[in-house]
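**Q** My structure file protein.pdb, PDB, C-alpha atoms, pLDDT in the B column, is below:
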```
ATOM      1  CA  MET A  15      12.905  -0.170  34.613  1.00 92.00           C
ATOM      2  CA  HIS A  16      14.072   2.478  32.173  1.00 96.00           C
ATOM      3  CA  PRO A  17      11.979   5.699  32.349  1.00 97.00           C
ATOM      4  CA  THR A  18      11.154   5.540  28.613  1.00 97.00           C
ATOM      5  CA  ILE A  19       9.759   2.027  28.991  1.00 97.00           C
ATOM      6  CA  ARG A  20       7.743   3.026  32.068  1.00 98.00           C
ATOM      7  CA  THR A  21       6.313   5.991  30.133  1.00 98.00           C
ATOM      8  CA  LEU A  22       5.318   3.782  27.175  1.00 98.00           C
ATOM      9  CA  ILE A  23       3.686   1.184  29.434  1.00 98.00           C
ATOM     10  CA  GLU A  24       1.700   3.889  31.217  1.00 98.00           C
ATOM     11  CA  ARG A  25       0.857   5.840  28.046  1.00 97.00           C
ATOM     12  CA  TYR A  26      -0.595   2.832  26.248  1.00 97.00           C
ATOM     13  CA  ARG A  27      -1.769   0.956  29.382  1.00 98.00           C
ATOM     14  CA  LEU A  28       0.189  -2.118  28.336  1.00 98.00           C
ATOM     15  CA  GLU A  29      -0.332  -5.407  30.150  1.00 97.00           C
ATOM     16  CA  PRO A  30       1.080  -8.922  29.667  1.00 95.00           C
ATOM     17  CA  LEU A  31      -0.722 -10.923  26.991  1.00 93.00           C
ATOM     18  CA  PRO A  32      -1.698 -14.372  28.313  1.00 92.00           C
ATOM     19  CA  VAL A  33       0.224 -17.339  26.881  1.00 92.00           C
ATOM     20  CA  GLU A  34       2.217 -15.314  24.324  1.00 90.00           C
ATOM     21  CA  GLY A  35       3.964 -13.056  26.853  1.00 89.00           C
ATOM     22  CA  THR A  36       4.339  -9.651  25.198  1.00 94.00           C
ATOM     23  CA  LEU A  37       3.192  -6.372  26.723  1.00 97.00           C
ATOM     24  CA  PHE A  38       0.162  -5.222  24.719  1.00 97.00           C
ATOM     25  CA  ALA A  39      -3.093  -3.279  24.588  1.00 98.00           C
ATOM     26  CA  GLU A  40      -5.970  -3.727  22.207  1.00 97.00           C
ATOM     27  CA  THR A  41      -6.426  -0.368  20.477  1.00 97.00           C
ATOM     28  CA  TYR A  42      -9.284  -1.136  18.102  1.00 97.00           C
ATOM     29  CA  ARG A  43     -12.114  -3.634  17.768  1.00 96.00           C
ATOM     30  CA  THR A  44     -14.744  -2.747  15.221  1.00 96.00           C
ATOM     31  CA  PRO A  45     -18.367  -3.217  16.264  1.00 95.00           C
ATOM     32  CA  LEU A  46     -19.010  -4.620  12.782  1.00 94.00           C
ATOM     33  CA  GLU A  47     -19.143  -8.411  12.918  1.00 93.00           C
ATOM     34  CA  VAL A  48     -18.548 -10.945  10.140  1.00 93.00           C
ATOM     35  CA  GLY A  49     -20.317 -13.569  12.249  1.00 91.00           C
ATOM     36  CA  PRO A  50     -21.566 -13.907  15.820  1.00 92.00           C
ATOM     37  CA  GLY A  51     -18.754 -12.737  18.114  1.00 90.00           C
ATOM     38  CA  ARG A  52     -16.392 -12.303  15.138  1.00 94.00           C
ATOM     39  CA  PRO A  53     -15.224  -8.689  14.694  1.00 96.00           C
ATOM     40  CA  ALA A  54     -14.462  -7.551  11.157  1.00 96.00           C
ATOM     41  CA  GLY A  55     -11.145  -6.115  12.348  1.00 97.00           C
ATOM     42  CA  THR A  56      -8.905  -5.603  15.373  1.00 97.00           C
ATOM     43  CA  ALA A  57      -5.652  -3.805  16.142  1.00 97.00           C
ATOM     44  CA  MET A  58      -3.217  -3.910  19.034  1.00 97.00           C
ATOM     45  CA  ILE A  59      -0.054  -2.177  20.114  1.00 98.00           C
ATOM     46  CA  GLY A  60       2.827  -4.055  21.719  1.00 98.00           C
ATOM     47  CA  LEU A  61       6.176  -3.418  23.318  1.00 98.00           C
ATOM     48  CA  TYR A  62       9.278  -5.593  23.312  1.00 98.00           C
ATOM     49  CA  CYS A  63      11.846  -4.829  25.989  1.00 97.00           C
ATOM     50  CA  ASP A  64      14.141  -6.665  28.385  1.00 96.00           C
ATOM     51  CA  ASP A  65      12.930  -5.038  31.635  1.00 95.00           C
ATOM     52  CA  PRO A  66      10.220  -5.957  32.245  1.00 96.00           C
ATOM     53  CA  PRO A  67      10.664  -9.071  30.082  1.00 95.00           C
ATOM     54  CA  SER A  68       8.461  -8.822  26.983  1.00 97.00           C
ATOM     55  CA  HIS A  69       8.651 -11.040  23.913  1.00 97.00           C
ATOM     56  CA  SER A  70       6.266 -13.204  21.884  1.00 97.00           C
ATOM     57  CA  LEU A  71       6.404 -16.937  22.428  1.00 97.00           C
ATOM     58  CA  PHE A  72       5.778 -19.203  19.447  1.00 98.00           C
ATOM     59  CA  HIS A  73       2.186 -19.174  18.298  1.00 97.00           C
ATOM     60  CA  ARG A  74       0.187 -19.411  15.100  1.00 97.00           C
ATOM     61  CA  LEU A  75      -3.098 -17.949  13.994  1.00 97.00           C
ATOM     62  CA  THR A  76      -5.740 -19.163  11.570  1.00 97.00           C
ATOM     63  CA  LEU A  77      -5.706 -15.714   9.896  1.00 97.00           C
ATOM     64  CA  ASP A  78      -3.018 -13.585   8.275  1.00 98.00           C
ATOM     65  CA  GLU A  79      -1.534 -11.040  10.703  1.00 98.00           C
ATOM     66  CA  VAL A  80      -0.012  -7.710   9.645  1.00 98.00           C
ATOM     67  CA  TRP A  81       2.867  -6.476  11.826  1.00 98.00           C
ATOM     68  CA  HIS A  82       3.840  -2.769  11.907  1.00 98.00           C
ATOM     69  CA  PHE A  83       6.996  -1.170  13.324  1.00 98.00           C
ATOM     70  CA  TYR A  84       6.309   2.132  15.119  1.00 98.00           C
ATOM     71  CA  SER A  85       9.388   3.264  17.038  1.00 97.00           C
ATOM     72  CA  GLY A  86      12.474   2.285  18.997  1.00 98.00           C
ATOM     73  CA  ASP A  87      14.957  -0.396  18.089  1.00 98.00           C
ATOM     74  CA  PRO A  88      14.744  -3.305  15.617  1.00 98.00           C
ATOM     75  CA  PHE A  89      13.126  -6.579  16.557  1.00 98.00           C
ATOM     76  CA  ARG A  90      13.187 -10.046  15.041  1.00 98.00           C
ATOM     77  CA  LEU A  91      10.234 -12.146  13.983  1.00 98.00           C
ATOM     78  CA  ILE A  92      11.101 -15.845  13.780  1.00 98.00           C
ATOM     79  CA  LEU A  93       8.840 -17.595  11.278  1.00 98.00           C
ATOM     80  CA  LEU A  94       8.460 -21.380  11.010  1.00 98.00           C
ATOM     81  CA  HIS A  95       6.558 -22.287   7.849  1.00 98.00           C
ATOM     82  CA  PRO A  96       4.282 -25.344   7.434  1.00 97.00           C
ATOM     83  CA  ASP A  97       6.611 -26.768   4.737  1.00 97.00           C
ATOM     84  CA  GLY A  98       9.450 -27.019   7.306  1.00 96.00           C
ATOM     85  CA  SER A  99      11.336 -23.923   6.143  1.00 97.00           C
ATOM     86  CA  SER A 100      12.015 -20.943   8.402  1.00 98.00           C
ATOM     87  CA  GLU A 101      13.098 -17.334   8.181  1.00 98.00           C
ATOM     88  CA  ASP A 102      13.911 -14.308  10.284  1.00 98.00           C
ATOM     89  CA  VAL A 103      12.345 -10.943   9.485  1.00 98.00           C
ATOM     90  CA  ILE A 104      13.734  -7.767  11.064  1.00 98.00           C
ATOM     91  CA  LEU A 105      11.302  -4.917  11.634  1.00 98.00           C
ATOM     92  CA  GLY A 106      12.841  -1.601  12.508  1.00 98.00           C
ATOM     93  CA  PRO A 107      13.457   2.057  11.725  1.00 97.00           C
ATOM     94  CA  ASP A 108      15.984   1.805   8.896  1.00 96.00           C
ATOM     95  CA  PRO A 109      14.861   0.404   5.530  1.00 95.00           C
ATOM     96  CA  LEU A 110      18.342   1.127   4.144  1.00 96.00           C
ATOM     97  CA  GLN A 111      19.656  -1.496   6.596  1.00 95.00           C
ATOM     98  CA  GLY A 112      17.080  -4.035   5.415  1.00 95.00           C
ATOM     99  CA  HIS A 113      14.533  -3.377   8.150  1.00 97.00           C
ATOM    100  CA  HIS A 114      10.878  -3.822   7.307  1.00 98.00           C
ATOM    101  CA  SER A 115       8.283  -1.314   8.494  1.00 98.00           C
ATOM    102  CA  GLN A 116       5.487  -3.820   7.887  1.00 98.00           C
ATOM    103  CA  HIS A 117       5.305  -7.583   7.382  1.00 98.00           C
ATOM    104  CA  VAL A 118       2.467 -10.047   6.831  1.00 98.00           C
ATOM    105  CA  VAL A 119       2.670 -13.365   8.672  1.00 98.00           C
ATOM    106  CA  PRO A 120       0.477 -15.821   6.751  1.00 98.00           C
ATOM    107  CA  ALA A 121      -2.105 -17.930   8.546  1.00 98.00           C
ATOM    108  CA  GLY A 122      -0.672 -21.174   9.905  1.00 98.00           C
ATOM    109  CA  VAL A 123       2.931 -19.931  10.243  1.00 98.00           C
ATOM    110  CA  TRP A 124       4.489 -20.318  13.693  1.00 98.00           C
ATOM    111  CA  GLN A 125       5.833 -16.961  14.868  1.00 98.00           C
ATOM    112  CA  ALA A 126       7.818 -15.604  17.798  1.00 98.00           C
ATOM    113  CA  GLY A 127       9.366 -12.186  18.288  1.00 98.00           C
ATOM    114  CA  HIS A 128      11.847 -10.331  20.448  1.00 98.00           C
ATOM    115  CA  LEU A 129      13.926  -7.181  20.769  1.00 98.00           C
ATOM    116  CA  LEU A 130      17.366  -7.506  19.182  1.00 97.00           C
ATOM    117  CA  PRO A 131      20.333  -7.494  21.582  1.00 96.00           C
ATOM    118  CA  GLY A 132      21.516  -4.024  22.527  1.00 96.00           C
ATOM    119  CA  GLY A 133      18.141  -2.391  21.970  1.00 97.00           C
ATOM    120  CA  LEU A 134      16.096  -0.618  24.619  1.00 98.00           C
ATOM    121  CA  TYR A 135      12.587  -1.163  23.228  1.00 98.00           C
ATOM    122  CA  SER A 136      10.501  -1.802  20.127  1.00 98.00           C
ATOM    123  CA  LEU A 137       7.010  -0.377  19.838  1.00 98.00           C
ATOM    124  CA  TYR A 138       4.949  -2.244  17.249  1.00 98.00           C
ATOM    125  CA  GLY A 139       1.406  -3.051  16.233  1.00 98.00           C
ATOM    126  CA  CYS A 140      -0.551  -5.935  14.740  1.00 98.00           C
ATOM    127  CA  THR A 141      -3.796  -5.840  12.783  1.00 98.00           C
ATOM    128  CA  LEU A 142      -6.185  -8.580  11.741  1.00 97.00           C
ATOM    129  CA  ALA A 143      -9.168  -8.646   9.418  1.00 95.00           C
ATOM    130  CA  PRO A 144     -11.323 -10.481  10.355  1.00 96.00           C
ATOM    131  CA  GLY A 145     -10.385  -9.594  13.902  1.00 95.00           C
ATOM    132  CA  PHE A 146      -8.744 -11.511  16.707  1.00 95.00           C
ATOM    133  CA  THR A 147     -10.718 -13.938  18.822  1.00 95.00           C
ATOM    134  CA  PRO A 148      -9.083 -16.410  21.238  1.00 94.00           C
ATOM    135  CA  ASP A 149     -10.097 -19.456  19.184  1.00 95.00           C
ATOM    136  CA  ILE A 150      -7.826 -18.477  16.244  1.00 96.00           C
ATOM    137  CA  PHE A 151      -4.707 -18.762  18.490  1.00 96.00           C
ATOM    138  CA  GLU A 152      -2.527 -21.785  19.204  1.00 96.00           C
ATOM    139  CA  GLY A 153       0.643 -21.588  21.294  1.00 96.00           C
ATOM    140  CA  GLY A 154       3.671 -23.563  20.122  1.00 97.00           C
ATOM    141  CA  ALA A 155       4.796 -26.241  22.576  1.00 96.00           C
ATOM    142  CA  ARG A 156       8.472 -27.226  22.646  1.00 96.00           C
ATOM    143  CA  LYS A 157       8.151 -30.945  21.870  1.00 95.00           C
ATOM    144  CA  ALA A 158       6.081 -30.549  18.693  1.00 95.00           C
ATOM    145  CA  LEU A 159       8.127 -27.599  17.410  1.00 97.00           C
ATOM    146  CA  MET A 160      11.430 -29.413  18.026  1.00 96.00           C
ATOM    147  CA  ALA A 161      10.211 -32.426  16.044  1.00 96.00           C
ATOM    148  CA  ALA A 162       9.168 -30.280  13.074  1.00 96.00           C
ATOM    149  CA  TYR A 163      11.998 -27.683  13.120  1.00 97.00           C
ATOM    150  CA  PRO A 164      15.150 -29.273  14.618  1.00 96.00           C
ATOM    151  CA  LEU A 165      17.425 -26.657  13.011  1.00 96.00           C
ATOM    152  CA  ARG A 166      15.687 -23.944  15.088  1.00 97.00           C
ATOM    153  CA  ARG A 167      16.475 -25.650  18.402  1.00 97.00           C
ATOM    154  CA  ALA A 168      17.961 -22.551  20.108  1.00 97.00           C
ATOM    155  CA  ASP A 169      14.998 -20.352  19.186  1.00 98.00           C
ATOM    156  CA  ILE A 170      12.482 -23.026  20.202  1.00 98.00           C
ATOM    157  CA  GLU A 171      14.251 -23.575  23.551  1.00 97.00           C
ATOM    158  CA  ARG A 172      14.018 -19.844  24.232  1.00 97.00           C
ATOM    159  CA  PHE A 173      10.538 -19.066  22.866  1.00 97.00           C
ATOM    160  CA  ALA A 174       8.366 -22.210  23.114  1.00 97.00           C
ATOM    161  CA  CYS A 175       5.196 -22.079  25.184  1.00 95.00           C
ATOM    162  CA  PRO A 176       4.910 -24.363  28.208  1.00 92.00           C
ATOM    163  CA  GLU A 177       3.271 -27.656  27.167  1.00 89.00           C
ATOM    164  CA  ASP A 178       0.173 -26.903  29.283  1.00 86.00           C
ATOM    165  CA  GLU A 179      -0.245 -23.267  28.186  1.00 88.00           C
ATOM    166  CA  THR A 180      -1.060 -23.253  24.471  1.00 90.00           C
ATOM    167  CA  LEU A 181      -4.642 -21.955  24.413  1.00 88.00           C
ATOM    168  CA  MET A 182      -5.630 -18.313  24.780  1.00 86.00           C
ATOM    169  CA  PRO A 183      -8.165 -17.777  27.557  1.00 85.00           C
ATOM    170  CA  GLY A 184     -11.592 -16.834  26.235  1.00 77.00           C
TER     171      GLY A 184
END
```
Please express the file's structure as structure tokens.
**A**
Amino acid sequence: MHPTIRTLIERYRLEPLPVEGTLFAETYRTPLEVGPGRPAGTAMIGLYCDDPPSHSLFHRLTLDEVWHFYSGDPFRLILLHPDGSSEDVILGPDPLQGHHSQHVVPAGVWQAGHLLPGGLYSLYGCTLAPGFTPDIFEGGARKALMAAYPLRRADIERFACPEDETLMPG
């Protein structure tokens, strides 16, 4: 493991996120609730790298999610929209190269993410308002995604969740 990656993992106390697979830490959960057990807002920090393996498998949320680029190398968000269209969004340090520093993934859009080839790491964050709870998460299984998005076969093969691991533990 590269010393920079080890330092980031230790500094932020990053651990693997169940189902999705990225290294992450929750950094904020407001005590204010919009309903029983429903925080008004949450934030997390994540790290994409190749060693140890860290990427986001396909998943969708029932809320909009705001992604933020913090440091390191560019990463790709793969977005599969409910209407059957798809797009790639690159978050990274250089807006003059078309990188985004922030991007909103609308509720109901399948998303996966990974470090671009040749990069060492990407440090990023995600915020939600209302906040994250396990019941707003659904992992994307290969069979269903392939049927709906056949042109994204390579990405789905690489980033689909196992068929029996699509729910976030409570």
**Q** Would you mind telling me which residue in A:Gly154, A:Gly60, A:Pro67, A:Pro107 lies nearest to Asp87 (chain A) when using all atoms listed in the file?
**A** A:Pro107
**Q** Which of these residues is nearest to Tyr163 (chain A), using only C-alpha atoms: A:Ile19, A:Leu94, A:Leu61, A:Leu71?
**A**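 Answer, going by the shortest atom-to-atom distance: A:Leu94.
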**Q** When you look at Phe173 (chain A) with a cut-off of 7 Å (counting all atoms listed in the file), what residues show up, excluding the ones that are within fewer than 4 positions of it in the same chain? I need them as a count of residues only.
**A** 4
**Q** Enclose all atoms of region 71-77 of chain A listed in the file in an axis-aligned box, grow every side by 8 Å, and hand back centre and edge lengths in Å to one decimal, as lines of an AutoDock Vina configuration file.
**A**
```
center_x = 0.3
center_y = -17.6
center_z = 16.2
size_x = 28.1
size_y = 19.7
size_z = 28.5
```
**Q** On this structure, the PyMOL selection byres ((chain A and resi 149) around 8) would catch which residues? List them as a VMD selection string, sorted by chain and number.
**A** chain A and resid 147 to 148 150 to 152 181 to 182 184
**Q** Convert the current residue selection to file output with C-alpha atoms, as an mmCIF file, in the coordinates of the input.
**A**
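After the write, part_29.cif holds the following:
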```
data_model
loop_
_atom_site.group_PDB
_atom_site.id
_atom_site.type_symbol
_atom_site.label_atom_id
_atom_site.label_comp_id
_atom_site.auth_asym_id
_atom_site.auth_seq_id
_atom_site.Cartn_x
_atom_site.Cartn_y
_atom_site.Cartn_z
ATOM 1 C CA THR A 147 -10.718 -13.938 18.822
ATOM 2 C CA PRO A 148 -9.083 -16.410 21.238
ATOM 3 C CA ILE A 150 -7.826 -18.477 16.244
ATOM 4 C CA PHE A 151 -4.707 -18.762 18.490
ATOM 5 C CA GLU A 152 -2.527 -21.785 19.204
ATOM 6 C CA LEU A 181 -4.642 -21.955 24.413
ATOM 7 C CA MET A 182 -5.630 -18.313 24.780
ATOM 8 C CA GLY A 184 -11.592 -16.834 26.235
#
```
**Q** Name every residue that the PyMOL selection byres ((chain A and resi 95) around 12) selects in this structure, writing the answer as an MDAnalysis selection string with chains first and numbers rising.
**A** chainID A and resid 73:74 92:94 96:102 119:125 159 162:163 166
**Q** If the PyMOL selection byres ((chain A and resi 137) around 10) is run on the structure shown, which residues does it catch, given as a PDB file with C-alpha atoms, in the coordinates of the input?
**A**
```
ATOM      1  CA  ILE A  19       9.759   2.027  28.991  1.00 97.00           C
ATOM      2  CA  LEU A  22       5.318   3.782  27.175  1.00 98.00           C
ATOM      3  CA  LEU A  37       3.192  -6.372  26.723  1.00 97.00           C
ATOM      4  CA  PHE A  38       0.162  -5.222  24.719  1.00 97.00           C
ATOM      5  CA  ILE A  59      -0.054  -2.177  20.114  1.00 98.00           C
ATOM      6  CA  GLY A  60       2.827  -4.055  21.719  1.00 98.00           C
ATOM      7  CA  LEU A  61       6.176  -3.418  23.318  1.00 98.00           C
ATOM      8  CA  TYR A  62       9.278  -5.593  23.312  1.00 98.00           C
ATOM      9  CA  CYS A  63      11.846  -4.829  25.989  1.00 97.00           C
ATOM     10  CA  HIS A  82       3.840  -2.769  11.907  1.00 98.00           C
ATOM     11  CA  PHE A  83       6.996  -1.170  13.324  1.00 98.00           C
ATOM     12  CA  TYR A  84       6.309   2.132  15.119  1.00 98.00           C
ATOM     13  CA  SER A  85       9.388   3.264  17.038  1.00 97.00           C
ATOM     14  CA  GLY A  86      12.474   2.285  18.997  1.00 98.00           C
ATOM     15  CA  ASP A  87      14.957  -0.396  18.089  1.00 98.00           C
ATOM     16  CA  PRO A  88      14.744  -3.305  15.617  1.00 98.00           C
ATOM     17  CA  PHE A  89      13.126  -6.579  16.557  1.00 98.00           C
ATOM     18  CA  GLY A 106      12.841  -1.601  12.508  1.00 98.00           C
ATOM     19  CA  LEU A 129      13.926  -7.181  20.769  1.00 98.00           C
ATOM     20  CA  TYR A 135      12.587  -1.163  23.228  1.00 98.00           C
ATOM     21  CA  SER A 136      10.501  -1.802  20.127  1.00 98.00           C
ATOM     22  CA  TYR A 138       4.949  -2.244  17.249  1.00 98.00           C
ATOM     23  CA  GLY A 139       1.406  -3.051  16.233  1.00 98.00           C
TER      24      GLY A 139
END
```
**Q** Between A:Asp108, A:Glu34, A:Glu40, A:Glu177, single out the one closest to Ser68 (chain A), counting all atoms listed in the file.
**A** A:Glu34
**Q** Mind pulling up the distance from CA of Val103 (chain A) to CA of Pro183 (chain A)?
**A**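 Between these atoms lies a distance of 28.2 Å.
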**Q** Report the distance between CA of Thr21 (chain A) and CA of Glu79 (chain A) in Å, rounded to one decimal place.
**A**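 That distance, rounded to one decimal, is 27.0 Å.
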**Q** I'd like the interatomic distance between CA of Ala174 (chain A) and CA of Arg156 (chain A), to a tenth of an Å.
**A** 5.0 Å
**Q** Of the residues A:His128, A:Arg27, A:Gly112, A:Gly153, which is the one nearest to Thr180 (chain A), using all atoms listed in the file?
**A**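 Once distances to Thr180 (chain A) are computed over all atoms listed in the file, the minimum belongs to A:Gly153.
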**Q** Missing atoms in region 90-100 of chain A need filling: write out all heavy atoms for it as a PDB file, keeping the file's coordinate frame.
**A**
```pdb
ATOM      1  N   ARG A  90      13.165  -8.896  15.940  1.00 98.00           N
ATOM      2  CA  ARG A  90      13.187 -10.046  15.041  1.00 98.00           C
ATOM      3  C   ARG A  90      11.916 -10.856  15.183  1.00 98.00           C
ATOM      4  O   ARG A  90      11.506 -11.201  16.282  1.00 98.00           O
ATOM      5  CB  ARG A  90      14.388 -10.931  15.371  1.00 98.00           C
ATOM      6  CG  ARG A  90      14.457 -12.218  14.550  1.00 98.00           C
ATOM      7  CD  ARG A  90      15.729 -13.000  14.806  1.00 98.00           C
ATOM      8  NE  ARG A  90      15.695 -13.709  16.058  1.00 98.00           N
ATOM      9  CZ  ARG A  90      16.075 -14.974  16.231  1.00 98.00           C
ATOM     10  NH1 ARG A  90      16.538 -15.679  15.209  1.00 98.00           N
ATOM     11  NH2 ARG A  90      16.017 -15.523  17.414  1.00 98.00           N
ATOM     12  N   LEU A  91      11.297 -11.153  14.050  1.00 98.00           N
ATOM     13  CA  LEU A  91      10.234 -12.146  13.983  1.00 98.00           C
ATOM     14  C   LEU A  91      10.873 -13.434  13.477  1.00 98.00           C
ATOM     15  O   LEU A  91      11.576 -13.433  12.461  1.00 98.00           O
ATOM     16  CB  LEU A  91       9.145 -11.729  12.995  1.00 98.00           C
ATOM     17  CG  LEU A  91       8.157 -10.667  13.422  1.00 98.00           C
ATOM     18  CD1 LEU A  91       7.162 -10.401  12.291  1.00 98.00           C
ATOM     19  CD2 LEU A  91       7.428 -11.083  14.676  1.00 98.00           C
ATOM     20  N   ILE A  92      10.638 -14.522  14.178  1.00 98.00           N
ATOM     21  CA  ILE A  92      11.101 -15.845  13.780  1.00 98.00           C
ATOM     22  C   ILE A  92       9.885 -16.556  13.205  1.00 98.00           C
ATOM     23  O   ILE A  92       8.873 -16.711  13.894  1.00 98.00           O
ATOM     24  CB  ILE A  92      11.637 -16.630  14.984  1.00 98.00           C
ATOM     25  CG1 ILE A  92      12.684 -15.820  15.739  1.00 98.00           C
ATOM     26  CG2 ILE A  92      12.172 -17.994  14.539  1.00 98.00           C
ATOM     27  CD1 ILE A  92      12.898 -16.278  17.168  1.00 98.00           C
ATOM     28  N   LEU A  93       9.968 -16.971  11.957  1.00 98.00           N
ATOM     29  CA  LEU A  93       8.840 -17.595  11.278  1.00 98.00           C
ATOM     30  C   LEU A  93       9.175 -19.033  10.902  1.00 98.00           C
ATOM     31  O   LEU A  93      10.201 -19.286  10.251  1.00 98.00           O
ATOM     32  CB  LEU A  93       8.472 -16.797  10.033  1.00 98.00           C
ATOM     33  CG  LEU A  93       8.192 -15.306  10.265  1.00 98.00           C
ATOM     34  CD1 LEU A  93       7.892 -14.616   8.945  1.00 98.00           C
ATOM     35  CD2 LEU A  93       7.058 -15.115  11.252  1.00 98.00           C
ATOM     36  N   LEU A  94       8.314 -19.961  11.319  1.00 98.00           N
ATOM     37  CA  LEU A  94       8.460 -21.380  11.010  1.00 98.00           C
ATOM     38  C   LEU A  94       7.288 -21.767  10.113  1.00 98.00           C
ATOM     39  O   LEU A  94       6.144 -21.805  10.561  1.00 98.00           O
ATOM     40  CB  LEU A  94       8.457 -22.218  12.291  1.00 98.00           C
ATOM     41  CG  LEU A  94       9.440 -21.793  13.392  1.00 98.00           C
ATOM     42  CD1 LEU A  94       9.277 -22.681  14.620  1.00 98.00           C
ATOM     43  CD2 LEU A  94      10.878 -21.810  12.887  1.00 98.00           C
ATOM     44  N   HIS A  95       7.590 -22.041   8.859  1.00 98.00           N
ATOM     45  CA  HIS A  95       6.558 -22.287   7.849  1.00 98.00           C
ATOM     46  C   HIS A  95       6.077 -23.740   7.860  1.00 98.00           C
ATOM     47  O   HIS A  95       6.846 -24.647   8.207  1.00 98.00           O
ATOM     48  CB  HIS A  95       7.086 -21.903   6.466  1.00 98.00           C
ATOM     49  CG  HIS A  95       7.417 -20.454   6.352  1.00 98.00           C
ATOM     50  ND1 HIS A  95       6.457 -19.495   6.128  1.00 98.00           N
ATOM     51  CD2 HIS A  95       8.598 -19.791   6.464  1.00 98.00           C
ATOM     52  CE1 HIS A  95       7.034 -18.305   6.085  1.00 98.00           C
ATOM     53  NE2 HIS A  95       8.327 -18.457   6.291  1.00 98.00           N
ATOM     54  N   PRO A  96       4.833 -23.976   7.439  1.00 97.00           N
ATOM     55  CA  PRO A  96       4.282 -25.344   7.434  1.00 97.00           C
ATOM     56  C   PRO A  96       5.090 -26.331   6.595  1.00 97.00           C
ATOM     57  O   PRO A  96       5.075 -27.529   6.872  1.00 97.00           O
ATOM     58  CB  PRO A  96       2.881 -25.164   6.846  1.00 97.00           C
ATOM     59  CG  PRO A  96       2.512 -23.746   7.133  1.00 97.00           C
ATOM     60  CD  PRO A  96       3.818 -22.989   7.057  1.00 97.00           C
ATOM     61  N   ASP A  97       5.825 -25.859   5.582  1.00 97.00           N
ATOM     62  CA  ASP A  97       6.611 -26.768   4.737  1.00 97.00           C
ATOM     63  C   ASP A  97       7.952 -27.153   5.370  1.00 97.00           C
ATOM     64  O   ASP A  97       8.762 -27.836   4.748  1.00 97.00           O
ATOM     65  CB  ASP A  97       6.836 -26.160   3.351  1.00 97.00           C
ATOM     66  CG  ASP A  97       7.725 -24.922   3.371  1.00 97.00           C
ATOM     67  OD1 ASP A  97       8.214 -24.504   4.447  1.00 97.00           O
ATOM     68  OD2 ASP A  97       7.947 -24.349   2.283  1.00 97.00           O
ATOM     69  N   GLY A  98       8.209 -26.687   6.610  1.00 96.00           N
ATOM     70  CA  GLY A  98       9.450 -27.019   7.306  1.00 96.00           C
ATOM     71  C   GLY A  98      10.543 -25.975   7.159  1.00 96.00           C
ATOM     72  O   GLY A  98      11.564 -26.051   7.836  1.00 96.00           O
ATOM     73  N   SER A  99      10.345 -24.995   6.293  1.00 97.00           N
ATOM     74  CA  SER A  99      11.336 -23.923   6.143  1.00 97.00           C
ATOM     75  C   SER A  99      11.138 -22.887   7.256  1.00 97.00           C
ATOM     76  O   SER A  99      10.125 -22.908   7.963  1.00 97.00           O
ATOM     77  CB  SER A  99      11.209 -23.260   4.774  1.00 97.00           C
ATOM     78  OG  SER A  99       9.978 -22.580   4.654  1.00 97.00           O
ATOM     79  N   SER A 100      12.109 -21.996   7.390  1.00 98.00           N
ATOM     80  CA  SER A 100      12.015 -20.943   8.402  1.00 98.00           C
ATOM     81  C   SER A 100      12.724 -19.699   7.890  1.00 98.00           C
ATOM     82  O   SER A 100      13.501 -19.755   6.939  1.00 98.00           O
ATOM     83  CB  SER A 100      12.636 -21.411   9.720  1.00 98.00           C
ATOM     84  OG  SER A 100      14.027 -21.601   9.577  1.00 98.00           O
TER      85      SER A 100
END
```
